[in-house]
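Trainee: File run00.txt below, compact mmCIF, C-alpha atoms:
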# COMPACT_ATOMS: atom_id res chain seq x y z
CA MET A 1 -18.81 -11.38 -46.53
CA THR A 2 -19.04 -8.24 -48.65
CA ARG A 3 -17.92 -5.01 -47.03
CA ALA A 4 -20.15 -1.97 -47.39
CA ARG A 5 -18.26 1.17 -48.34
CA THR A 6 -19.12 4.82 -48.55
CA ALA A 7 -17.65 7.09 -51.19
CA GLY A 8 -16.54 10.49 -49.98
CA ALA A 9 -17.69 9.97 -46.40
CA VAL A 10 -18.95 13.14 -44.74
CA PRO A 11 -17.34 13.80 -41.32
CA GLY A 12 -19.88 13.03 -38.60
CA ALA A 13 -22.05 10.90 -40.87
CA PRO A 14 -22.38 7.24 -39.90
CA THR A 15 -20.26 4.81 -41.89
CA THR A 16 -22.13 1.66 -42.90
CA GLN A 17 -20.57 -1.33 -41.17
CA PRO A 18 -20.82 -4.87 -42.53
CA ARG A 19 -23.54 -6.93 -40.88
CA PRO A 20 -21.72 -9.37 -38.59
CA SER A 21 -22.72 -12.99 -38.11
CA PRO A 22 -24.44 -13.81 -34.78
CA SER A 23 -21.24 -15.38 -33.43
CA VAL A 24 -18.82 -12.68 -34.54
CA ALA A 25 -16.03 -11.90 -32.09
CA PRO A 26 -15.66 -8.32 -30.82
CA GLY A 27 -13.43 -5.99 -32.81
CA VAL A 28 -11.68 -3.17 -30.95
CA VAL A 29 -10.37 0.19 -32.21
CA GLU A 30 -8.27 2.48 -30.00
CA VAL A 31 -7.29 6.03 -30.92
CA PHE A 32 -4.71 8.10 -29.01
CA ALA A 33 -3.63 4.56 -28.23
CA GLY A 34 -0.07 4.97 -26.98
CA VAL A 35 1.19 1.46 -26.25
CA GLY A 36 -2.31 0.03 -26.84
CA SER A 37 -3.02 -0.86 -23.21
CA VAL A 38 -6.76 -0.13 -23.30
CA ALA A 39 -7.34 -2.24 -26.41
CA ALA A 40 -5.15 -5.00 -24.98
CA GLY A 41 -7.15 -5.07 -21.75
CA PHE A 42 -10.50 -5.18 -23.53
CA VAL A 43 -9.45 -7.94 -25.94
CA GLU A 44 -8.05 -10.00 -23.06
CA VAL A 45 -11.42 -9.85 -21.29
CA LEU A 46 -13.89 -9.83 -24.20
CA GLY A 47 -12.00 -11.91 -26.72
CA GLY A 48 -11.90 -10.91 -30.37
CA ASP A 49 -9.05 -8.87 -31.71
CA ILE A 50 -7.64 -5.42 -32.27
CA ILE A 51 -8.77 -3.92 -35.57
CA LEU A 52 -6.72 -0.73 -35.45
CA LEU A 53 -4.59 1.38 -33.14
CA ASN A 54 -3.90 5.04 -33.87
CA ASP A 55 -1.31 7.41 -32.39
CA VAL A 56 1.36 9.75 -33.75
CA ASP A 57 4.08 8.50 -31.37
CA PRO A 58 6.46 6.18 -33.29
CA LEU A 59 7.97 4.73 -30.11
CA ALA A 60 4.51 3.87 -28.77
CA LYS A 61 3.85 2.11 -32.08
CA GLN A 62 7.01 0.07 -31.60
CA ALA A 63 5.98 -0.80 -28.04
CA ALA A 64 2.54 -1.95 -29.20
CA LYS A 65 3.99 -4.16 -31.91
CA ASP A 66 6.68 -5.55 -29.60
CA ASN A 67 4.10 -6.55 -26.99
CA LEU A 68 0.85 -7.15 -28.87
CA GLY A 69 2.27 -8.63 -32.06
CA GLU A 70 3.90 -7.38 -35.23
CA ASP A 71 0.68 -8.02 -37.15
CA VAL A 72 -1.27 -5.43 -35.10
CA LEU A 73 -2.38 -2.69 -37.50
CA TYR A 74 -1.04 0.60 -36.11
CA ASP A 75 -1.85 3.83 -37.95
CA ASP A 76 0.63 6.54 -36.92
CA GLY A 77 -1.08 9.33 -38.82
CA ASP A 78 -3.00 12.36 -37.54
CA VAL A 79 -6.32 11.26 -36.02
CA ARG A 80 -7.98 14.20 -37.79
CA GLU A 81 -7.33 12.40 -41.05
CA LEU A 82 -8.67 9.06 -39.81
CA THR A 83 -12.18 8.46 -41.17
CA GLY A 84 -14.78 5.90 -40.32
CA GLU A 85 -14.46 4.56 -43.85
CA ARG A 86 -10.76 3.83 -43.33
CA VAL A 87 -11.52 2.01 -40.09
CA VAL A 88 -14.21 -0.11 -41.76
CA ASP A 89 -11.74 -0.96 -44.52
CA ALA A 90 -9.24 -2.03 -41.84
CA ALA A 91 -11.94 -4.16 -40.18
CA ASP A 92 -12.20 -6.20 -43.40
CA GLY A 93 -15.62 -7.58 -42.60
CA ARG A 94 -15.24 -7.68 -38.82
CA ASP A 95 -17.63 -5.86 -36.53
CA VAL A 96 -16.31 -2.60 -35.06
CA THR A 97 -17.62 -3.39 -31.60
CA ALA A 98 -15.74 -0.87 -29.49
CA LEU A 99 -14.12 2.54 -29.92
CA LEU A 100 -11.69 3.35 -27.12
CA GLY A 101 -9.61 6.46 -26.62
CA CYS A 102 -7.69 8.70 -24.24
CA PRO A 103 -7.42 12.09 -26.01
CA PRO A 104 -4.44 14.27 -24.96
CA CYS A 105 -5.25 15.99 -21.68
CA GLN A 106 -2.46 18.56 -21.28
CA GLY A 107 -4.80 21.45 -22.08
CA TRP A 108 -7.02 20.63 -19.10
CA SER A 109 -4.65 18.84 -16.75
CA ALA A 110 -4.08 20.31 -13.30
CA ALA A 111 -0.40 19.53 -13.85
CA GLY A 112 -0.27 21.65 -17.02
CA LEU A 113 -0.91 25.25 -18.00
CA ARG A 114 -4.65 24.63 -18.54
CA GLN A 115 -4.87 26.92 -21.55
CA SER A 116 -8.34 26.98 -23.09
CA ASN A 117 -6.87 27.58 -26.54
CA ASP A 118 -4.52 24.56 -26.42
CA ALA A 119 -4.97 22.86 -29.82
CA ARG A 120 -4.90 19.44 -28.13
CA ASN A 121 -8.25 20.24 -26.48
CA LEU A 122 -9.89 19.95 -29.91
CA LEU A 123 -8.89 16.30 -30.18
CA LEU A 124 -11.66 15.40 -27.74
CA GLY A 125 -14.10 16.25 -30.54
CA GLU A 126 -12.24 13.96 -32.95
CA PHE A 127 -12.97 10.99 -30.72
CA PHE A 128 -16.70 11.69 -30.75
CA ARG A 129 -16.62 12.36 -34.50
CA LEU A 130 -15.42 8.80 -34.93
CA VAL A 131 -18.13 7.55 -32.57
CA ARG A 132 -20.72 9.18 -34.86
CA GLU A 133 -19.12 7.82 -38.04
CA LEU A 134 -18.58 4.27 -36.82
CA THR A 135 -21.53 3.80 -34.43
CA PRO A 136 -19.76 0.98 -32.53
CA ARG A 137 -21.74 -1.04 -30.02
CA PHE A 138 -20.00 0.83 -27.20
CA PHE A 139 -17.35 3.46 -26.56
CA VAL A 140 -15.06 4.23 -23.63
CA MET A 141 -13.24 7.56 -23.32
CA GLU A 142 -10.80 8.62 -20.58
CA ASN A 143 -9.40 12.02 -19.67
CA VAL A 144 -8.26 14.08 -16.68
CA ALA A 145 -10.72 14.77 -13.88
CA GLY A 146 -11.13 18.44 -14.82
CA VAL A 147 -12.71 17.53 -18.16
CA ALA A 148 -15.90 16.46 -16.36
CA GLY A 149 -16.83 20.09 -15.74
CA ARG A 150 -15.97 21.41 -19.22
CA SER A 151 -18.61 22.64 -21.67
CA GLU A 152 -16.65 20.99 -24.49
CA PHE A 153 -17.16 17.60 -22.84
CA ALA A 154 -20.87 18.20 -22.32
CA GLY A 155 -21.20 19.23 -25.96
CA ALA A 156 -19.33 16.16 -27.18
CA LEU A 157 -21.61 13.84 -25.23
CA ALA A 158 -24.67 15.71 -26.48
CA SER A 159 -23.50 15.11 -30.06
CA VAL A 160 -24.02 11.34 -29.65
CA ASN A 161 -27.04 11.49 -27.36
CA ASP A 162 -29.46 10.44 -30.12
CA ARG A 163 -27.61 7.17 -30.72
CA TYR A 164 -26.11 6.34 -27.32
CA SER A 165 -27.07 5.96 -23.71
CA TRP A 166 -24.07 7.07 -21.69
CA TRP A 167 -22.64 7.42 -18.23
CA ALA A 168 -19.84 9.83 -17.37
CA GLY A 169 -18.07 10.56 -14.12
CA VAL A 170 -14.82 10.83 -12.20
CA LEU A 171 -13.35 7.55 -10.91
CA ASN A 172 -10.21 6.63 -8.99
CA SER A 173 -8.05 3.72 -10.10
CA ALA A 174 -7.21 2.61 -6.54
CA SER A 175 -10.83 1.59 -6.05
CA TYR A 176 -10.40 -0.89 -8.90
CA GLY A 177 -7.29 -2.68 -7.66
CA LEU A 178 -4.46 -0.36 -8.73
CA PRO A 179 -1.87 0.71 -6.13
CA GLN A 180 -2.19 4.27 -7.47
CA THR A 181 -4.72 7.07 -6.88
CA ARG A 182 -5.10 8.01 -10.54
CA GLN A 183 -8.29 10.09 -10.75
CA ARG A 184 -9.82 10.31 -14.21
CA THR A 185 -13.00 11.22 -16.07
CA LEU A 186 -14.52 8.18 -17.78
CA ALA A 187 -17.32 8.22 -20.35
CA LEU A 188 -19.05 4.95 -21.20
CA GLY A 189 -21.65 4.78 -23.99
CA TYR A 190 -23.84 1.92 -25.26
CA ARG A 191 -25.69 2.10 -28.56
CA ARG A 192 -29.37 2.66 -27.82
CA ASP A 193 -30.61 -0.24 -29.94
CA LEU A 194 -28.84 -2.64 -27.55
CA GLY A 195 -31.36 -1.71 -24.86
CA VAL A 196 -28.86 -1.39 -21.99
CA ASN A 197 -28.19 1.75 -19.98
CA PRO A 198 -24.59 1.99 -18.74
CA THR A 199 -23.81 2.51 -15.08
CA ALA A 200 -20.70 3.37 -13.12
CA PRO A 201 -18.50 0.33 -12.45
CA LYS A 202 -18.70 -0.73 -8.82
CA PRO A 203 -15.45 -0.54 -6.85
CA THR A 204 -13.58 -3.80 -6.39
CA HIS A 205 -11.19 -2.79 -3.59
CA GLY A 206 -11.30 -1.07 -0.21
CA GLY A 207 -11.14 -3.36 2.80
CA ALA A 208 -10.40 -2.72 6.47
CA ARG A 209 -6.59 -2.70 6.43
CA GLY A 210 -5.07 0.61 7.47
CA VAL A 211 -3.74 2.78 4.63
CA TRP A 212 -1.26 5.63 4.98
CA ASP A 213 -2.87 9.05 4.57
CA TYR A 214 -0.35 11.54 3.19
CA ARG A 215 -2.26 14.57 4.46
CA SER A 216 -2.38 13.64 8.14
CA GLU A 217 0.76 11.47 7.81
CA SER A 218 -0.85 8.62 9.69
CA LEU A 219 -2.56 5.28 9.06
CA MET A 220 -6.29 5.41 8.43
CA THR A 221 -8.89 2.67 8.19
CA PRO A 222 -10.88 3.05 4.94
CA SER A 223 -14.41 4.30 5.51
CA ALA A 224 -16.89 6.75 4.04
CA GLU A 225 -15.35 9.45 6.24
CA THR A 226 -11.70 8.75 5.38
CA LEU A 227 -11.89 7.60 1.75
CA ASP A 228 -11.36 10.96 0.07
CA ALA A 229 -8.30 11.64 2.22
CA ILE A 230 -6.78 8.22 1.50
CA LEU A 231 -7.39 8.63 -2.23
CA GLY A 232 -6.21 12.22 -2.25
CA SER A 233 -9.29 13.03 -4.29
CA ALA A 234 -11.45 15.62 -2.59
CA PRO A 235 -14.09 16.81 -5.09
CA ARG A 236 -12.79 19.69 -7.21
CA VAL A 237 -15.09 19.76 -10.23
CA GLN A 238 -18.61 21.02 -10.66
CA PRO A 239 -21.28 18.30 -10.48
CA GLY A 240 -22.86 17.29 -13.76
CA ARG A 241 -25.28 14.78 -15.15
CA GLY A 242 -24.55 11.28 -13.91
CA SER A 243 -21.17 12.22 -12.47
CA PHE A 244 -19.52 11.15 -9.24
CA HIS A 245 -16.81 13.24 -7.64
CA SER A 246 -16.28 11.16 -4.52
CA MET A 247 -15.83 7.40 -4.78
CA THR A 248 -17.88 7.01 -1.59
CA ALA A 249 -21.04 7.33 -3.71
CA LEU A 250 -20.24 4.04 -5.45
CA TYR A 251 -19.42 1.91 -2.40
CA ASP A 252 -21.88 -0.25 -0.51
CA ASP A 253 -19.80 -1.70 2.35
CA ILE A 254 -16.15 -0.86 1.77
CA HIS A 255 -15.01 -3.42 4.37
CA ASP A 256 -16.56 -6.32 2.42
CA LEU A 257 -14.06 -5.81 -0.42
CA PRO A 258 -10.43 -6.92 -0.77
CA ASN A 259 -7.93 -4.51 0.73
CA PHE A 260 -6.53 -1.62 -1.26
CA VAL A 261 -3.31 -2.62 -3.03
CA THR A 262 -0.45 -0.67 -1.46
CA VAL A 263 2.90 0.46 -2.83
CA GLU A 264 4.68 -2.37 -1.01
CA ASP A 265 2.20 -4.90 -2.40
CA ALA A 266 3.08 -3.69 -5.89
CA ILE A 267 6.86 -3.32 -5.79
CA GLY A 268 8.14 -4.79 -2.52
CA ASP A 269 9.26 -8.04 -4.14
CA LEU A 270 11.58 -6.04 -6.40
CA ASP A 271 13.31 -4.94 -3.18
CA GLY A 272 13.63 -8.45 -1.74
CA ASN A 273 10.24 -8.88 0.01
CA ASP A 274 7.99 -11.88 -0.47
CA PRO A 275 5.68 -11.29 -3.44
CA SER A 276 2.08 -10.28 -2.83
CA GLU A 277 -0.91 -11.63 -4.74
CA TYR A 278 -0.77 -8.48 -6.88
CA SER A 279 2.93 -8.76 -7.73
CA LEU A 280 2.69 -12.50 -8.37
CA ALA A 281 0.02 -11.82 -10.97
CA LEU A 282 2.30 -9.34 -12.74
CA ARG A 283 5.43 -11.49 -12.44
CA GLY A 284 3.72 -14.46 -14.06
CA ALA A 285 3.07 -17.97 -12.84
CA GLY A 286 6.53 -19.40 -13.51
CA PRO A 287 8.82 -20.97 -10.89
CA LEU A 288 10.45 -18.77 -8.29
CA PRO A 289 12.76 -16.95 -8.03
CA VAL A 290 11.79 -14.78 -10.97
CA PRO A 291 14.63 -12.82 -12.64
CA VAL A 292 14.59 -9.09 -11.89
CA PRO A 293 13.43 -7.22 -15.03
CA ASP A 294 16.24 -5.38 -16.81
CA ASP A 295 14.33 -2.08 -16.64
CA HIS A 296 14.44 -2.17 -12.82
CA VAL A 297 17.47 0.09 -12.72
CA ALA A 298 18.06 3.05 -10.40
CA TRP A 299 18.33 6.50 -11.95
CA GLY A 300 21.73 8.18 -11.81
CA HIS A 301 20.96 10.76 -9.10
CA GLY A 302 23.91 12.91 -8.10
CA PRO A 303 25.40 12.55 -4.60
CA ASP A 304 23.94 15.84 -3.37
CA LEU A 305 20.40 14.83 -4.40
CA VAL A 306 20.83 11.38 -2.83
CA ARG A 307 21.98 13.07 0.41
CA ARG A 308 18.93 15.33 0.42
CA LEU A 309 16.50 12.51 -0.38
CA ALA A 310 17.88 10.62 2.62
CA LEU A 311 16.54 13.42 4.84
CA VAL A 312 12.93 12.73 3.80
CA ARG A 313 11.19 10.24 6.10
CA GLU A 314 8.89 7.52 4.80
CA GLY A 315 5.47 8.86 3.85
CA ARG A 316 6.47 12.44 4.72
CA ARG A 317 6.98 15.78 3.06
CA PRO A 318 10.57 17.02 2.78
CA PRO A 319 12.16 19.21 5.45
CA LYS A 320 13.66 22.47 4.22
CA GLU A 321 17.11 20.93 4.47
CA ALA A 322 16.16 18.47 1.74
CA THR A 323 15.08 21.19 -0.69
CA ASN A 324 17.85 23.76 -0.22
CA GLY A 325 15.64 25.91 1.96
CA THR A 326 12.64 25.99 -0.38
CA VAL A 327 9.26 25.21 1.19
CA TYR A 328 7.02 23.12 -1.11
CA TYR A 329 3.29 22.91 -0.51
CA SER A 330 2.79 20.30 -3.24
CA GLN A 331 4.07 16.72 -3.24
CA ALA A 332 7.46 17.70 -4.65
CA TYR A 333 10.32 15.72 -3.09
CA ALA A 334 7.86 13.82 -0.87
CA ARG A 335 8.43 10.14 -0.13
CA LEU A 336 6.00 7.27 -0.67
CA HIS A 337 4.89 5.03 2.19
CA ARG A 338 4.95 1.26 1.90
CA ARG A 339 1.42 1.06 3.31
CA GLY A 340 0.18 3.97 1.23
CA LEU A 341 -1.11 4.35 -2.29
CA ALA A 342 1.09 5.84 -4.98
CA ARG A 343 0.00 9.14 -6.43
CA THR A 344 -0.58 9.51 -10.17
CA VAL A 345 2.33 8.14 -12.18
CA THR A 346 3.34 10.81 -14.70
CA THR A 347 6.03 10.94 -17.38
CA ASN A 348 8.34 12.71 -14.90
CA PHE A 349 8.36 10.08 -12.16
CA HIS A 350 12.16 9.96 -12.42
CA ASN A 351 12.33 13.53 -11.06
CA PRO A 352 11.73 13.80 -7.27
CA GLY A 353 10.79 17.45 -7.70
CA SER A 354 7.84 16.51 -9.92
CA GLY A 355 5.80 14.74 -7.29
CA ARG A 356 5.72 12.02 -4.64
CA PHE A 357 7.96 9.64 -6.55
CA THR A 358 10.68 8.80 -4.00
CA HIS A 359 10.86 5.10 -3.07
CA TYR A 360 9.57 4.33 0.42
CA ARG A 361 12.98 3.08 1.68
CA ARG A 362 15.56 3.70 -1.06
CA ASP A 363 17.08 7.14 -1.63
CA ARG A 364 16.00 7.33 -5.26
CA THR A 365 12.90 7.76 -7.38
CA LEU A 366 10.91 4.91 -8.88
CA THR A 367 12.48 2.74 -11.54
CA VAL A 368 10.77 2.18 -14.89
CA ARG A 369 9.61 -1.28 -13.81
CA GLU A 370 8.31 -0.05 -10.46
CA ALA A 371 6.27 2.61 -12.25
CA ALA A 372 5.01 -0.02 -14.70
CA ARG A 373 3.93 -2.19 -11.74
CA LEU A 374 1.99 0.77 -10.32
CA GLN A 375 0.34 1.08 -13.76
CA GLY A 376 -0.74 -2.55 -13.70
CA PHE A 377 1.57 -3.77 -16.47
CA PRO A 378 2.91 -7.33 -16.27
CA ASP A 379 6.67 -7.73 -16.18
CA SER A 380 6.46 -9.36 -19.60
CA PHE A 381 5.31 -6.03 -21.09
CA ARG A 382 8.47 -4.24 -22.13
CA PHE A 383 9.03 -0.62 -23.10
CA PRO A 384 11.54 0.25 -25.87
CA GLY A 385 13.99 3.14 -26.12
CA THR A 386 16.13 4.97 -23.60
CA ARG A 387 15.07 5.01 -19.97
CA SER A 388 13.72 8.54 -20.38
CA ALA A 389 11.68 7.36 -23.37
CA GLN A 390 10.46 4.36 -21.39
CA ALA A 391 9.35 6.66 -18.58
CA ARG A 392 7.35 8.72 -21.07
CA LEU A 393 5.61 5.61 -22.44
CA VAL A 394 4.77 4.33 -18.95
CA GLY A 395 3.52 7.69 -17.67
CA ASN A 396 1.38 8.35 -20.74
CA ALA A 397 -0.23 4.91 -20.69
CA PHE A 398 -3.69 4.09 -19.39
CA PRO A 399 -3.22 1.46 -16.66
CA LEU A 400 -3.62 -1.97 -18.25
CA LEU A 401 -5.22 -3.51 -15.18
CA TRP A 402 -7.79 -0.71 -14.96
CA ALA A 403 -8.67 -1.27 -18.62
CA LYS A 404 -9.37 -4.93 -17.79
CA ARG A 405 -11.63 -3.91 -14.89
CA LEU A 406 -13.61 -1.61 -17.20
CA ALA A 407 -13.86 -4.37 -19.79
CA GLU A 408 -15.25 -6.77 -17.17
CA HIS A 409 -17.90 -4.19 -16.30
CA VAL A 410 -18.89 -3.76 -19.97
CA ARG A 411 -18.99 -7.53 -20.46
CA ASP A 412 -21.25 -7.97 -17.43
CA GLU A 413 -23.64 -5.21 -18.54
CA LEU A 414 -23.87 -5.95 -22.27
CA GLY A 415 -23.66 -9.75 -22.20
CA ASP A 416 -24.99 -11.22 -25.44
CA ALA A 417 -25.32 -7.74 -26.95
CA LEU A 418 -21.55 -7.83 -27.48
CA HIS A 419 -21.99 -10.40 -30.27
Before we go any further, please render this structure as structure tokens.
Mentor:
Amino acid sequence: MTRARTAGAVPGAPTTQPRPSPSVAPGVVEVFAGVGSVAAGFVEVLGGDIILLNDVDPLAKQAAKDNLGEDVLYDDGDVRELTGERVVDAADGRDVTALLGCPPCQGWSAAGLRQSNDARNLLLGEFFRLVRELTPRFFVMENVAGVAGRSEFAGALASVNDRYSWWAGVLNSASYGLPQTRQRTLALGYRRDLGVNPTAPKPTHGGARGVWDYRSESLMTPSAETLDAILGSAPRVQPGRGSFHSMTALYDDIHDLPNFVTVEDAIGDLDGNDPSEYSLALRGAGPLPVPVPDDHVAWGHGPDLVRRLALVREGRRPPKEATNGTVYYSQAYARLHRRGLARTVTTNFHNPGSGRFTHYRRDRTLTVREAARLQGFPDSFRFPGTRSAQARLVGNAFPLLWAKRLAEHVRDELGDALH
């Protein structure tokens, strides 16, 4: 098959892709890829292969190659220098079916300084530039919840409106089978010639089992009235076209679904409990007992910090005695509950002062492997570098299991249009 090329491609202009055969397998490109978890999830569900990953983090590149294969093409250059033409060259006759990406969010994150002039904010536009140049069959973009109300986001979507039907909104990972209330803006676009309008993926989890609510510090049965409290996701952004800011809008009967996956479901077996269905899936199907992963190692907290963490009760906020007299109104130094949902795993989950990261019964913060479990990574997925570097890779990653759920939704909606 002869590849079509463009000389001196103009940024924003579509790059001519080779015409694929009717049976061509999907080809996936992920920018701001980190360890490549989104591409990995989509390829696992849709088939096909990874055409290209792009990120400037050399350790993330190593992680991707260690886990996805040394032959995975990983471009570690600046995304602003990545053109559609270069991607088509990398495709080598394959169809660029999907463009996936999680642009850096620090400029808009509630956990950051939220500076409007943060240069990383401009990288959102680079993702949509590549959408315009490559015109893949579909795109998926993820970012922090606050992006949904930004004019920059609305403008980026408008820039592809002539070629794509799209849906955008704020979703919570716990509603899709993660034991973590990671709330994120998702944008899903299908090329208009495919004749399919994207919709929000329906939740897969809820159930009737009681879940610990960290606000009231009590067990709550999931329902339309209690869901926002359980998820810790009361609406905070301005409504926009096609957006949802409470997961209740997407549920039919929450009690008809499998139960939410709790912290204990995810990591309890690492502490000697019987494995749950969730942890068995991540451990693999081999014979039991399964060896404990070598990255399940406690952090070296000092004796004074360990003493203070011991004062924090399960599922509770810390008493003043645990924080040297300082009163925290955030989740700093708070302890997880075994029947609760973890809060968003960040790169600082090793620091109890950075959020609700204290183990539900041990006087320590989460290990690297426990955090990876909460992110939906199988135990076979390993993270290179020092433990601090591993924590950064895990916290920066898009949850692998959530990527698979999104891929299943795209597969169900597009069907034969994927090929």
Trainee: Grab the atom CA of Arg339 of chain A to atom CA of Gln183 of chain A distance for me, in Å with one decimal place.
Mentor: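 That distance, rounded to one decimal, is 19.3 Å.
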Trainee: Excluding segment 27-44 of chain A and residues on its chain fewer than 6 positions from it, collect all residues at most 6 Å away from it, counting only C-alpha atoms, and give them as a list in words.
Mentor: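 With the cut-off at 6 Å, the set is Ile50, Ile51, Leu52, Leu53, Asn54, Asp55, Ala60, Ala63, Ala64, Asp95, Val96, Thr97, Ala98, Leu99, Leu100, Gly101, Cys102, Pro103, Leu400, Ala403, Lys404 and Ala407 of chain A.
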Trainee: Find the residue from A:Ile267, A:Pro399, A:Pro318, A:Gly210 that sits nearest to Leu366 of chain A; use all atoms listed in the file when measuring.
Mentor: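 Selected residue with least distance to Leu366 of chain A: A:Ile267.
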Trainee: Can I get the residues of segment 316-375 of chain A within 12 Å of segment 383-386 of chain A, each with the closest pair of atoms and their distance in Å to one decimal, using only C-alpha atoms, sorted chain first then ascending number, as JSON lines?
Mentor:
{"residue": "A:Val368", "atom": "CA", "partner": "A:Phe383", "partner_atom": "CA", "distance": 8.8}
{"residue": "A:Arg369", "atom": "CA", "partner": "A:Phe383", "partner_atom": "CA", "distance": 9.3}
{"residue": "A:Ala371", "atom": "CA", "partner": "A:Phe383", "partner_atom": "CA", "distance": 11.7}
{"residue": "A:Ala372", "atom": "CA", "partner": "A:Phe383", "partner_atom": "CA", "distance": 9.3}
Trainee: Keeping C-alpha atoms for every residue in the selection just given, could you write it to a file as a CSV table (one decimal), keeping the file's coordinate frame?
Mentor:
chain,number,residue,atom,x,y,z
A,368,VAL,CA,10.8,2.2,-14.9
A,369,ARG,CA,9.6,-1.3,-13.8
A,371,ALA,CA,6.3,2.6,-12.2
A,372,ALA,CA,5.0,0.0,-14.7
Trainee: Which of these residues is nearest to Pro201 of chain A, using all atoms listed in the file: A:Asp304, A:Val170, A:Leu393, A:Gly77?
Mentor: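 Looking at the shortest contact to Pro201 of chain A, the residue is A:Val170.
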Trainee: What is the distance, in Å and to one decimal place, between atom CA of Phe127 of chain A and atom CA of Phe381 of chain A?
Mentor: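 Calculated distance between atom CA of Phe127 of chain A and atom CA of Phe381 of chain A is 26.8 Å.
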Trainee: Interatomic distance between atom CA of Val297 of chain A and atom CA of Lys320 of chain A?
Mentor: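 Spanning atom CA of Val297 of chain A to atom CA of Lys320 of chain A is a straight-line distance of 28.3 Å.
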Trainee: Taking a cut-off of 12 Å and counting only C-alpha atoms, can you build a table that, for each residue of segment 50-156 of chain A near segment 218-236 of chain A, reports the nearest atom pair and how far apart they are in Å (one decimal), sorted by chain then residue number, as a tab-separated table?
Mentor:
residue	atom	partner	partner_atom	distance
A:Ala110	CA	A:Arg236	CA	10.6
A:Val144	CA	A:Arg236	CA	11.9
A:Ala145	CA	A:Arg236	CA	8.5
A:Gly146	CA	A:Arg236	CA	7.9
A:Val147	CA	A:Arg236	CA	11.2
A:Ala148	CA	A:Arg236	CA	10.2
A:Gly149	CA	A:Arg236	CA	9.4
Trainee: In terms of the shortest atom-to-atom distance over only C-alpha atoms, which of A:Gly325, A:Pro352, A:Gly84, A:Gly376 is closest to Val306 of chain A?
Mentor: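 Among A:Gly325, A:Pro352, A:Gly84, A:Gly376, it is A:Pro352 that comes nearest to Val306 of chain A.
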